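Data file: start.pdb. Format and content: PDB, C-alpha atoms, pLDDT in the B column.
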ATOM      1  CA  MET A 116    -102.963-141.722 -45.314  1.00 36.00           C
ATOM      2  CA  GLY A 117    -103.147-144.648 -42.903  1.00 46.00           C
ATOM      3  CA  HIS A 118    -104.132-144.605 -39.282  1.00 67.00           C
ATOM      4  CA  GLN A 119    -103.538-141.381 -37.387  1.00 91.00           C
ATOM      5  CA  ILE A 120    -104.580-142.878 -34.054  1.00 96.00           C
ATOM      6  CA  ALA A 121    -102.137-145.193 -32.321  1.00 97.00           C
ATOM      7  CA  ILE A 122    -102.850-147.656 -29.528  1.00 98.00           C
ATOM      8  CA  LEU A 123    -100.410-147.557 -26.605  1.00 98.00           C
ATOM      9  CA  ILE A 124    -100.506-150.509 -24.207  1.00 97.00           C
ATOM     10  CA  LEU A 125     -98.723-150.012 -20.896  1.00 94.00           C
ATOM     11  CA  ALA A 126     -96.931-153.251 -19.977  1.00 92.00           C
ATOM     12  CA  ALA A 127     -93.868-152.145 -18.018  1.00 87.00           C
ATOM     13  CA  GLY A 128     -95.348-152.564 -14.530  1.00 78.00           C
ATOM     14  CA  ALA A 129     -93.910-154.841 -11.866  1.00 69.00           C
ATOM     15  CA  SER A 130     -96.958-157.015 -10.964  1.00 60.00           C
ATOM     16  CA  SER A 131     -95.956-156.265  -7.380  1.00 54.00           C
ATOM     17  CA  ARG A 132     -99.116-157.731  -5.817  1.00 60.00           C
ATOM     18  CA  MET A 133     -98.973-161.073  -7.645  1.00 61.00           C
ATOM     19  CA  GLY A 134     -96.752-162.967  -5.209  1.00 49.00           C
ATOM     20  CA  GLY A 135     -93.953-163.460  -7.712  1.00 54.00           C
ATOM     21  CA  ARG A 136     -96.187-164.241 -10.692  1.00 71.00           C
ATOM     22  CA  ASP A 137     -96.320-162.000 -13.754  1.00 74.00           C
ATOM     23  CA  LYS A 138     -99.965-161.110 -14.265  1.00 79.00           C
ATOM     24  CA  LEU A 139     -99.329-160.364 -17.933  1.00 85.00           C
ATOM     25  CA  CYS A 140     -98.526-164.072 -18.351  1.00 78.00           C
ATOM     26  CA  GLU A 141    -101.832-165.160 -16.806  1.00 83.00           C
ATOM     27  CA  ASP A 142    -103.929-167.393 -19.032  1.00 81.00           C
ATOM     28  CA  ILE A 143    -106.858-165.968 -21.001  1.00 81.00           C
ATOM     29  CA  ASN A 144    -108.558-168.762 -22.938  1.00 82.00           C
ATOM     30  CA  GLY A 145    -105.222-170.481 -23.506  1.00 85.00           C
ATOM     31  CA  THR A 146    -103.308-167.292 -24.321  1.00 87.00           C
ATOM     32  CA  PRO A 147    -101.071-165.173 -22.059  1.00 89.00           C
ATOM     33  CA  LEU A 148    -102.798-161.910 -21.142  1.00 92.00           C
ATOM     34  CA  LEU A 149    -100.239-159.682 -22.874  1.00 94.00           C
ATOM     35  CA  ARG A 150    -100.507-161.622 -26.125  1.00 94.00           C
ATOM     36  CA  HIS A 151    -104.296-161.575 -25.809  1.00 94.00           C
ATOM     37  CA  ILE A 152    -104.613-157.806 -25.424  1.00 95.00           C
ATOM     38  CA  THR A 153    -101.976-156.976 -28.057  1.00 97.00           C
ATOM     39  CA  THR A 154    -103.675-159.358 -30.495  1.00 97.00           C
ATOM     40  CA  GLN A 155    -107.067-157.771 -29.842  1.00 96.00           C
ATOM     41  CA  ALA A 156    -105.612-154.298 -30.364  1.00 97.00           C
ATOM     42  CA  LYS A 157    -103.638-155.228 -33.494  1.00 97.00           C
ATOM     43  CA  ALA A 158    -106.778-156.641 -35.123  1.00 97.00           C
ATOM     44  CA  THR A 159    -108.135-153.082 -35.412  1.00 97.00           C
ATOM     45  CA  GLY A 160    -105.484-152.282 -38.007  1.00 96.00           C
ATOM     46  CA  ALA A 161    -104.216-149.340 -35.959  1.00 97.00           C
ATOM     47  CA  PRO A 162    -100.505-149.175 -35.096  1.00 97.00           C
ATOM     48  CA  VAL A 163     -99.889-150.701 -31.668  1.00 98.00           C
ATOM     49  CA  PHE A 164     -97.056-149.699 -29.335  1.00 98.00           C
ATOM     50  CA  VAL A 165     -96.279-151.530 -26.086  1.00 97.00           C
ATOM     51  CA  THR A 166     -94.124-150.268 -23.228  1.00 96.00           C
ATOM     52  CA  LEU A 167     -91.826-152.834 -21.594  1.00 94.00           C
ATOM     53  CA  PRO A 168     -89.190-152.600 -18.832  1.00 92.00           C
ATOM     54  CA  ALA A 169     -86.584-153.446 -21.509  1.00 91.00           C
ATOM     55  CA  LEU A 170     -86.642-154.581 -25.127  1.00 92.00           C
ATOM     56  CA  ASP A 171     -85.200-157.971 -24.131  1.00 92.00           C
ATOM     57  CA  HIS A 172     -87.631-158.451 -21.240  1.00 91.00           C
ATOM     58  CA  PRO A 173     -89.383-161.871 -21.277  1.00 91.00           C
ATOM     59  CA  ARG A 174     -92.670-160.090 -21.975  1.00 92.00           C
ATOM     60  CA  SER A 175     -91.324-159.139 -25.401  1.00 93.00           C
ATOM     61  CA  GLN A 176     -91.916-162.762 -26.445  1.00 92.00           C
ATOM     62  CA  LEU A 177     -95.629-162.351 -25.726  1.00 92.00           C
ATOM     63  CA  LEU A 178     -96.341-159.448 -28.065  1.00 95.00           C
ATOM     64  CA  ALA A 179     -98.600-159.962 -31.050  1.00 94.00           C
ATOM     65  CA  HIS A 180     -96.792-159.879 -34.385  1.00 94.00           C
ATOM     66  CA  GLY A 181     -96.455-156.384 -35.782  1.00 95.00           C
ATOM     67  CA  THR A 182     -96.582-154.484 -32.502  1.00 97.00           C
ATOM     68  CA  THR A 183     -93.793-152.052 -31.627  1.00 97.00           C
ATOM     69  CA  PRO A 184     -92.082-152.412 -28.229  1.00 97.00           C
ATOM     70  CA  ILE A 185     -90.876-149.323 -26.354  1.00 96.00           C
ATOM     71  CA  ALA A 186     -88.291-149.648 -23.583  1.00 95.00           C
ATOM     72  CA  VAL A 187     -88.948-147.835 -20.292  1.00 94.00           C
ATOM     73  CA  PRO A 188     -85.597-147.763 -18.435  1.00 88.00           C
ATOM     74  CA  ASP A 189     -87.178-146.085 -15.395  1.00 86.00           C
ATOM     75  CA  ALA A 190     -90.212-148.395 -15.294  1.00 85.00           C
ATOM     76  CA  ALA A 191     -89.782-148.757 -11.522  1.00 81.00           C
ATOM     77  CA  ASN A 192     -91.080-145.192 -11.216  1.00 82.00           C
ATOM     78  CA  GLY A 193     -94.601-146.328 -12.075  1.00 81.00           C
ATOM     79  CA  MET A 194     -97.162-145.818 -14.801  1.00 84.00           C
ATOM     80  CA  SER A 195     -96.090-142.238 -15.392  1.00 87.00           C
ATOM     81  CA  ALA A 196     -92.710-143.479 -16.664  1.00 89.00           C
ATOM     82  CA  SER A 197     -94.490-145.684 -19.219  1.00 91.00           C
ATOM     83  CA  LEU A 198     -96.677-142.799 -20.333  1.00 91.00           C
ATOM     84  CA  ARG A 199     -93.741-140.457 -20.804  1.00 92.00           C
ATOM     85  CA  ALA A 200     -91.686-142.996 -22.766  1.00 93.00           C
ATOM     86  CA  GLY A 201     -94.623-144.265 -24.792  1.00 95.00           C
ATOM     87  CA  VAL A 202     -95.942-140.896 -25.909  1.00 95.00           C
ATOM     88  CA  ALA A 203     -92.430-139.628 -26.681  1.00 94.00           C
ATOM     89  CA  ALA A 204     -91.888-142.586 -29.034  1.00 95.00           C
ATOM     90  CA  LEU A 205     -95.011-142.018 -31.135  1.00 96.00           C
ATOM     91  CA  PRO A 206     -94.476-140.997 -34.781  1.00 95.00           C
ATOM     92  CA  ALA A 207     -95.072-137.348 -35.628  1.00 93.00           C
ATOM     93  CA  ALA A 208     -98.043-138.228 -37.865  1.00 94.00           C
ATOM     94  CA  ILE A 209    -100.069-139.605 -34.946  1.00 96.00           C
ATOM     95  CA  ARG A 210    -102.828-137.138 -34.052  1.00 95.00           C
ATOM     96  CA  ALA A 211    -104.259-139.046 -31.077  1.00 96.00           C
ATOM     97  CA  VAL A 212    -103.309-141.999 -28.902  1.00 97.00           C
ATOM     98  CA  MET A 213    -105.517-144.603 -27.271  1.00 98.00           C
ATOM     99  CA  ILE A 214    -103.944-145.636 -23.965  1.00 96.00           C
ATOM    100  CA  THR A 215    -104.738-148.665 -21.827  1.00 95.00           C
ATOM    101  CA  PRO A 216    -102.926-150.680 -19.186  1.00 92.00           C
ATOM    102  CA  ALA A 217    -102.219-154.241 -20.309  1.00 92.00           C
ATOM    103  CA  ASP A 218    -104.034-155.844 -17.379  1.00 89.00           C
ATOM    104  CA  LEU A 219    -107.650-155.489 -18.543  1.00 92.00           C
ATOM    105  CA  PRO A 220    -108.490-159.085 -19.495  1.00 90.00           C
ATOM    106  CA  GLU A 221    -111.998-158.451 -20.799  1.00 89.00           C
ATOM    107  CA  LEU A 222    -111.097-155.936 -23.512  1.00 94.00           C
ATOM    108  CA  GLU A 223    -111.790-157.152 -27.035  1.00 95.00           C
ATOM    109  CA  THR A 224    -111.134-155.867 -30.537  1.00 97.00           C
ATOM    110  CA  ALA A 225    -114.704-154.540 -30.710  1.00 97.00           C
ATOM    111  CA  ASP A 226    -114.034-152.326 -27.690  1.00 97.00           C
ATOM    112  CA  PHE A 227    -110.946-150.771 -29.258  1.00 98.00           C
ATOM    113  CA  GLU A 228    -112.946-150.259 -32.458  1.00 97.00           C
ATOM    114  CA  THR A 229    -115.775-148.582 -30.543  1.00 97.00           C
ATOM    115  CA  LEU A 230    -113.358-145.942 -29.307  1.00 97.00           C
ATOM    116  CA  LEU A 231    -111.684-145.563 -32.691  1.00 96.00           C
ATOM    117  CA  ASP A 232    -115.089-145.020 -34.307  1.00 96.00           C
ATOM    118  CA  ALA A 233    -115.972-142.414 -31.680  1.00 96.00           C
ATOM    119  CA  ALA A 234    -112.707-140.601 -32.358  1.00 94.00           C
ATOM    120  CA  LYS A 235    -113.468-140.452 -36.074  1.00 91.00           C
ATOM    121  CA  THR A 236    -116.727-138.624 -35.427  1.00 91.00           C
ATOM    122  CA  GLN A 237    -115.243-136.402 -32.694  1.00 90.00           C
ATOM    123  CA  PRO A 238    -111.704-135.553 -33.804  1.00 86.00           C
ATOM    124  CA  GLY A 239    -109.713-133.768 -31.141  1.00 87.00           C
ATOM    125  CA  ALA A 240    -111.938-135.003 -28.317  1.00 89.00           C
ATOM    126  CA  LEU A 241    -110.708-136.627 -25.115  1.00 94.00           C
ATOM    127  CA  LEU A 242    -112.614-139.938 -24.992  1.00 96.00           C
ATOM    128  CA  GLN A 243    -112.830-142.273 -21.995  1.00 95.00           C
ATOM    129  CA  ALA A 244    -114.328-145.759 -21.951  1.00 96.00           C
ATOM    130  CA  GLN A 245    -116.828-146.462 -19.187  1.00 95.00           C
ATOM    131  CA  ASP A 246    -118.431-149.619 -17.869  1.00 94.00           C
ATOM    132  CA  ASP A 247    -122.139-150.365 -17.712  1.00 93.00           C
ATOM    133  CA  ALA A 248    -122.351-148.680 -14.304  1.00 93.00           C
ATOM    134  CA  GLY A 249    -121.047-145.426 -15.771  1.00 93.00           C
ATOM    135  CA  THR A 250    -117.625-145.677 -14.122  1.00 92.00           C
ATOM    136  CA  GLY A 251    -114.761-144.314 -16.196  1.00 92.00           C
ATOM    137  CA  GLY A 252    -111.912-146.651 -17.060  1.00 92.00           C
ATOM    138  CA  HIS A 253    -109.764-147.580 -20.067  1.00 94.00           C
ATOM    139  CA  PRO A 254    -108.990-147.228 -22.889  1.00 96.00           C
ATOM    140  CA  VAL A 255    -108.723-143.448 -23.062  1.00 96.00           C
ATOM    141  CA  ILE A 256    -108.050-141.518 -26.273  1.00 96.00           C
ATOM    142  CA  PHE A 257    -105.919-138.406 -25.841  1.00 95.00           C
ATOM    143  CA  PRO A 258    -105.613-135.897 -28.714  1.00 94.00           C
ATOM    144  CA  ARG A 259    -102.206-134.544 -29.691  1.00 93.00           C
ATOM    145  CA  ALA A 260    -103.046-131.290 -27.890  1.00 91.00           C
ATOM    146  CA  VAL A 261    -102.351-133.011 -24.549  1.00 91.00           C
ATOM    147  CA  PHE A 262     -99.293-135.042 -25.614  1.00 93.00           C
ATOM    148  CA  GLY A 263     -97.081-132.451 -23.925  1.00 90.00           C
ATOM    149  CA  ALA A 264     -98.955-132.866 -20.655  1.00 89.00           C
ATOM    150  CA  LEU A 265     -98.714-136.658 -20.914  1.00 90.00           C
ATOM    151  CA  GLN A 266     -94.937-136.367 -21.178  1.00 88.00           C
ATOM    152  CA  THR A 267     -94.753-134.461 -17.894  1.00 85.00           C
ATOM    153  CA  VAL A 268     -96.885-136.729 -15.668  1.00 82.00           C
ATOM    154  CA  THR A 269     -95.205-137.835 -12.446  1.00 76.00           C
ATOM    155  CA  LYS A 270     -95.507-140.552  -9.806  1.00 69.00           C
ATOM    156  CA  ASP A 271     -97.960-143.403 -10.357  1.00 56.00           C
ATOM    157  CA  ARG A 272    -101.036-141.297 -11.036  1.00 58.00           C
ATOM    158  CA  GLY A 273    -100.630-141.761 -14.749  1.00 62.00           C
ATOM    159  CA  ALA A 274    -102.991-139.537 -16.698  1.00 77.00           C
ATOM    160  CA  ARG A 275    -105.615-139.179 -13.976  1.00 78.00           C
ATOM    161  CA  ASP A 276    -104.675-135.575 -13.275  1.00 78.00           C
ATOM    162  CA  ILE A 277    -105.067-134.727 -16.966  1.00 81.00           C
ATOM    163  CA  LEU A 278    -108.495-136.354 -17.035  1.00 82.00           C
ATOM    164  CA  ARG A 279    -109.483-134.502 -13.885  1.00 81.00           C
ATOM    165  CA  ALA A 280    -108.284-131.161 -15.257  1.00 79.00           C
ATOM    166  CA  ASN A 281    -110.316-131.734 -18.422  1.00 78.00           C
ATOM    167  CA  ARG A 282    -113.309-133.379 -16.743  1.00 80.00           C
ATOM    168  CA  ASP A 283    -115.823-131.059 -18.395  1.00 77.00           C
ATOM    169  CA  HIS A 284    -114.473-131.977 -21.826  1.00 82.00           C
ATOM    170  CA  VAL A 285    -114.165-135.757 -21.443  1.00 90.00           C
ATOM    171  CA  VAL A 286    -116.586-137.656 -23.677  1.00 93.00           C
ATOM    172  CA  PRO A 287    -117.685-141.010 -22.186  1.00 95.00           C
ATOM    173  CA  VAL A 288    -117.740-144.036 -24.475  1.00 96.00           C
ATOM    174  CA  PRO A 289    -119.816-146.900 -23.003  1.00 96.00           C
ATOM    175  CA  LEU A 290    -118.455-150.449 -23.268  1.00 96.00           C
ATOM    176  CA  PRO A 291    -120.336-153.629 -22.310  1.00 95.00           C
ATOM    177  CA  GLY A 292    -120.210-154.975 -18.770  1.00 92.00           C
ATOM    178  CA  THR A 293    -117.009-154.316 -16.841  1.00 88.00           C
ATOM    179  CA  ARG A 294    -114.628-154.404 -19.804  1.00 90.00           C
ATOM    180  CA  ALA A 295    -113.441-150.841 -19.197  1.00 91.00           C
ATOM    181  CA  THR A 296    -112.741-151.284 -15.489  1.00 89.00           C
ATOM    182  CA  ARG A 297    -111.952-154.943 -14.761  1.00 85.00           C
ATOM    183  CA  ASP A 298    -108.291-155.090 -13.819  1.00 81.00           C
ATOM    184  CA  LEU A 299    -106.890-157.998 -11.833  1.00 80.00           C
ATOM    185  CA  ASP A 300    -103.949-157.253  -9.550  1.00 76.00           C
ATOM    186  CA  THR A 301    -103.685-160.243  -7.190  1.00 80.00           C
ATOM    187  CA  PRO A 302    -103.859-164.057  -7.459  1.00 77.00           C
ATOM    188  CA  GLU A 303    -107.116-163.852  -5.510  1.00 84.00           C
ATOM    189  CA  ASP A 304    -108.561-161.414  -8.056  1.00 82.00           C
ATOM    190  CA  TRP A 305    -107.702-163.837 -10.849  1.00 76.00           C
ATOM    191  CA  ALA A 306    -109.167-166.832  -9.019  1.00 79.00           C
ATOM    192  CA  THR A 307    -112.417-164.992  -8.291  1.00 78.00           C
ATOM    193  CA  TRP A 308    -112.722-163.747 -11.866  1.00 74.00           C
ATOM    194  CA  ARG A 309    -112.093-167.192 -13.357  1.00 77.00           C
ATOM    195  CA  ALA A 310    -114.566-168.823 -10.980  1.00 79.00           C
ATOM    196  CA  ALA A 311    -117.258-166.333 -11.986  1.00 78.00           C
ATOM    197  CA  ARG A 312    -116.676-167.101 -15.658  1.00 75.00           C
ATOM    198  CA  SER A 313    -116.620-170.889 -15.291  1.00 68.00           C
ATOM    199  CA  PRO A 314    -119.734-172.659 -16.609  1.00 63.00           C
ATOM    200  CA  GLY A 315    -121.921-174.224 -13.994  1.00 52.00           C
TER     201      GLY A 315
END
Translate this file's structure into structure tokens.
Amino acid sequence: MGHQIAILILAAGASSRMGGRDKLCEDINGTPLLRHITTQAKATGAPVFVTLPALDHPRSQLLAHGTTPIAVPDAANGMSASLRAGVAALPAAIRAVMITPADLPELETADFETLLDAAKTQPGALLQAQDDAGTGGHPVIFPRAVFGALQTVTKDRGARDILRANRDHVVPVPLPGTRATRDLDTPEDWATWRAARSPG
């Protein structure tokens, strides 16, 4: 029957706070961030879809082998545009989708698998990763029941309104450390993060 849960990585953003650098090209242990996160996701065996500003965008060269790119012509309209395009492109057999922005450098295959395992035991649940402080972050697994709502999100709020509307039904899935919430949006963020991880 194959996997019925897809992973959707949102990678159509503009990196507007990076001073001209593309944060999805930032180095993670010798690998560009976008290749790193798509490789980690693909290792789960689940189908992986990645939104891009265009299919011929330079980021398309950074995708792990076997991932499926999705063009977002109106990517300038924010994360909601990626969500609408990404969810609309999912195959009909997909019963749930795990969504994460591409700019979480600490996510590993084990984290994706933790959420996939939780979804197997709680089919139909809305699952949100949280860090070790209990703060909700990404990835988030949305069941097919809310796919329609995901395709109507607007502005740059992404799926936050859906999570808020279903707050009483969201099941938290703890991940180690800050993996669920560590996103790096500026060169200073990257420098601070790398310095903290450097030995000595």
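Under the PyMOL selection byres ((chain A and resi 223) around 8), the matching residues in the shown file are Ile152, Gln155, Ala156, Glu221, Leu222, Thr224, Ala225, Asp226 and Phe227 of chain A.
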Please write the residues picked by the PyMOL selection byres ((chain A and resi 256) around 6) on this file as a list in words.
Val212, Met213, Leu241, Leu242, Val255 and Phe257 of chain A
> On this structure, which residues satisfy the PyMOL selection byres ((chain A and resi 234) around 12), written as number ranges by chain?
Replying inline: A: 118-121, 210-213, 227-233, 235-244, 255-258, 286-288
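Shortest separation to Leu148 of chain A among A:Val165, A:Ala274, A:Ile214, A:Leu219 occurs at residue A:Leu219, atoms counted being all atoms listed in the file.
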From atom CA of Leu265 of chain A to atom CA of Ala191 of chain A the spacing works out at 17.7 Å
Atom CA of Leu198 of chain A sits from atom CA of Leu139 of chain A at a separation of 17.9 Å
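With atom CA of Arg309 of chain A on one side and atom CA of Pro168 of chain A on the other, the separation reads 27.7 Å.
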Using all atoms listed in the file, the best pick from A:Thr182, A:Ser195, A:Thr215, A:Gln176 as closest to Thr296 of chain A would be A:Thr215
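In this comparison, which uses only C-alpha atoms, the residue of A:Leu278, A:Leu299, A:Leu177, A:Ala161 approaching Gly251 of chain A most closely is A:Leu278.
Taking all atoms listed in the file, the non-local environment of Leu170 of chain A within 12 Å (same-chain residues fewer than 5 positions away omitted) comprises Ala126, Ala127, Val165, Ser175, Gln176, Leu177, Leu178, Thr183, Pro184, Ile185, Ala186, Val187 and Pro188 of chain A.
Using all atoms listed in the file for every distance, the candidate list A:Asn192, A:Asp298, A:Ala207, A:Ala260 yields A:Ala260 as the residue closest to Asn281 of chain A.
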Quiz item: What lies within 6 Å of Leu125 of chain A using only C-alpha atoms, ignoring chain neighbours under 5 positions off, as a PyMOL selection string?
Solution: chain A and resi 165-166+216-217
Practice problem: Write out as a PyMOL selection string which residues come within 9 Å of segment 140-145 of chain A when counting only C-alpha atoms, dropping same-chain ones fewer than 2 positions away. | Solution: chain A and resi 136-138+147-151+174+177+220+305
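Nearest-residue note for Ala200 of chain A: choosing from A:Ala158, A:Leu290, A:Ile124, A:Ala311, the minimum distance belongs to A:Ile124, counting all atoms listed in the file.
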Find the axis-aligned box for segment 242-251 of chain A, covering all its listed atoms and adding 8 Å on each side, and write its centre and edge lengths in Å to one decimal as lines of an AutoDock Vina configuration file.
center_x = -117.5
center_y = -145.2
center_z = -19.6
size_x = 25.7
size_y = 26.4
size_z = 26.9
Between A:Thr293, A:Ser197, A:Thr269, A:Thr153, smallest distance to Trp308 of chain A by all atoms listed in the file belongs to A:Thr293
Assuming the input is short of atoms at segment 279-302 of chain A, produce N, CA and C atoms for that part as a CSV table (one decimal), keeping the file's coordinate frame.
chain,number,residue,atom,x,y,z
A,279,ARG,N,-108.8,-135.3,-14.9
A,279,ARG,CA,-109.5,-134.5,-13.9
A,279,ARG,C,-109.5,-133.0,-14.3
A,280,ALA,N,-108.4,-132.6,-14.8
A,280,ALA,CA,-108.3,-131.2,-15.3
A,280,ALA,C,-109.2,-130.9,-16.4
A,281,ASN,N,-109.5,-131.9,-17.2
A,281,ASN,CA,-110.3,-131.7,-18.4
A,281,ASN,C,-111.7,-132.4,-18.3
A,282,ARG,N,-112.1,-132.6,-17.0
A,282,ARG,CA,-113.3,-133.4,-16.7
A,282,ARG,C,-114.5,-132.9,-17.5
A,283,ASP,N,-114.7,-131.6,-17.7
A,283,ASP,CA,-115.8,-131.1,-18.4
A,283,ASP,C,-115.8,-131.3,-19.9
A,284,HIS,N,-114.6,-131.8,-20.4
A,284,HIS,CA,-114.5,-132.0,-21.8
A,284,HIS,C,-114.3,-133.5,-22.2
A,285,VAL,N,-114.3,-134.3,-21.2
A,285,VAL,CA,-114.2,-135.8,-21.4
A,285,VAL,C,-115.5,-136.3,-22.0
A,286,VAL,N,-115.4,-137.0,-23.1
A,286,VAL,CA,-116.6,-137.7,-23.7
A,286,VAL,C,-116.6,-139.1,-23.3
A,287,PRO,N,-117.6,-139.6,-22.6
A,287,PRO,CA,-117.7,-141.0,-22.2
A,287,PRO,C,-118.1,-141.9,-23.4
A,288,VAL,N,-117.4,-143.1,-23.4
A,288,VAL,CA,-117.7,-144.0,-24.5
A,288,VAL,C,-118.1,-145.3,-23.8
A,289,PRO,N,-119.4,-145.7,-23.7
A,289,PRO,CA,-119.8,-146.9,-23.0
A,289,PRO,C,-119.3,-148.2,-23.7
A,290,LEU,N,-118.8,-149.1,-22.8
A,290,LEU,CA,-118.5,-150.4,-23.3
A,290,LEU,C,-119.3,-151.4,-22.5
A,291,PRO,N,-119.5,-152.6,-23.0
A,291,PRO,CA,-120.3,-153.6,-22.3
A,291,PRO,C,-119.7,-154.1,-21.0
A,292,GLY,N,-120.6,-154.4,-20.0
A,292,GLY,CA,-120.2,-155.0,-18.8
A,292,GLY,C,-119.1,-154.2,-18.1
A,293,THR,N,-118.1,-154.9,-17.6
A,293,THR,CA,-117.0,-154.3,-16.8
A,293,THR,C,-115.7,-154.3,-17.7
A,294,ARG,N,-115.8,-154.3,-19.0
A,294,ARG,CA,-114.6,-154.4,-19.8
A,294,ARG,C,-113.7,-153.2,-19.6
A,295,ALA,N,-114.3,-152.0,-19.3
A,295,ALA,CA,-113.4,-150.8,-19.2
A,295,ALA,C,-112.8,-150.7,-17.8
A,296,THR,N,-113.2,-151.5,-16.9
A,296,THR,CA,-112.7,-151.3,-15.5
A,296,THR,C,-112.2,-152.5,-14.8
A,297,ARG,N,-112.4,-153.7,-15.4
A,297,ARG,CA,-112.0,-154.9,-14.8
A,297,ARG,C,-110.5,-155.2,-14.9
A,298,ASP,N,-109.7,-154.8,-13.9
A,298,ASP,CA,-108.3,-155.1,-13.8
A,298,ASP,C,-108.0,-156.0,-12.6
A,299,LEU,N,-107.1,-156.9,-12.8
A,299,LEU,CA,-106.9,-158.0,-11.8
A,299,LEU,C,-105.5,-157.9,-11.3
A,300,ASP,N,-105.3,-157.6,-10.1
A,300,ASP,CA,-103.9,-157.3,-9.6
A,300,ASP,C,-103.4,-158.3,-8.6
A,301,THR,N,-104.2,-159.2,-8.1
A,301,THR,CA,-103.7,-160.2,-7.2
A,301,THR,C,-104.1,-161.6,-7.6
A,302,PRO,N,-103.4,-162.7,-7.1
A,302,PRO,CA,-103.9,-164.1,-7.5
A,302,PRO,C,-105.3,-164.3,-7.1
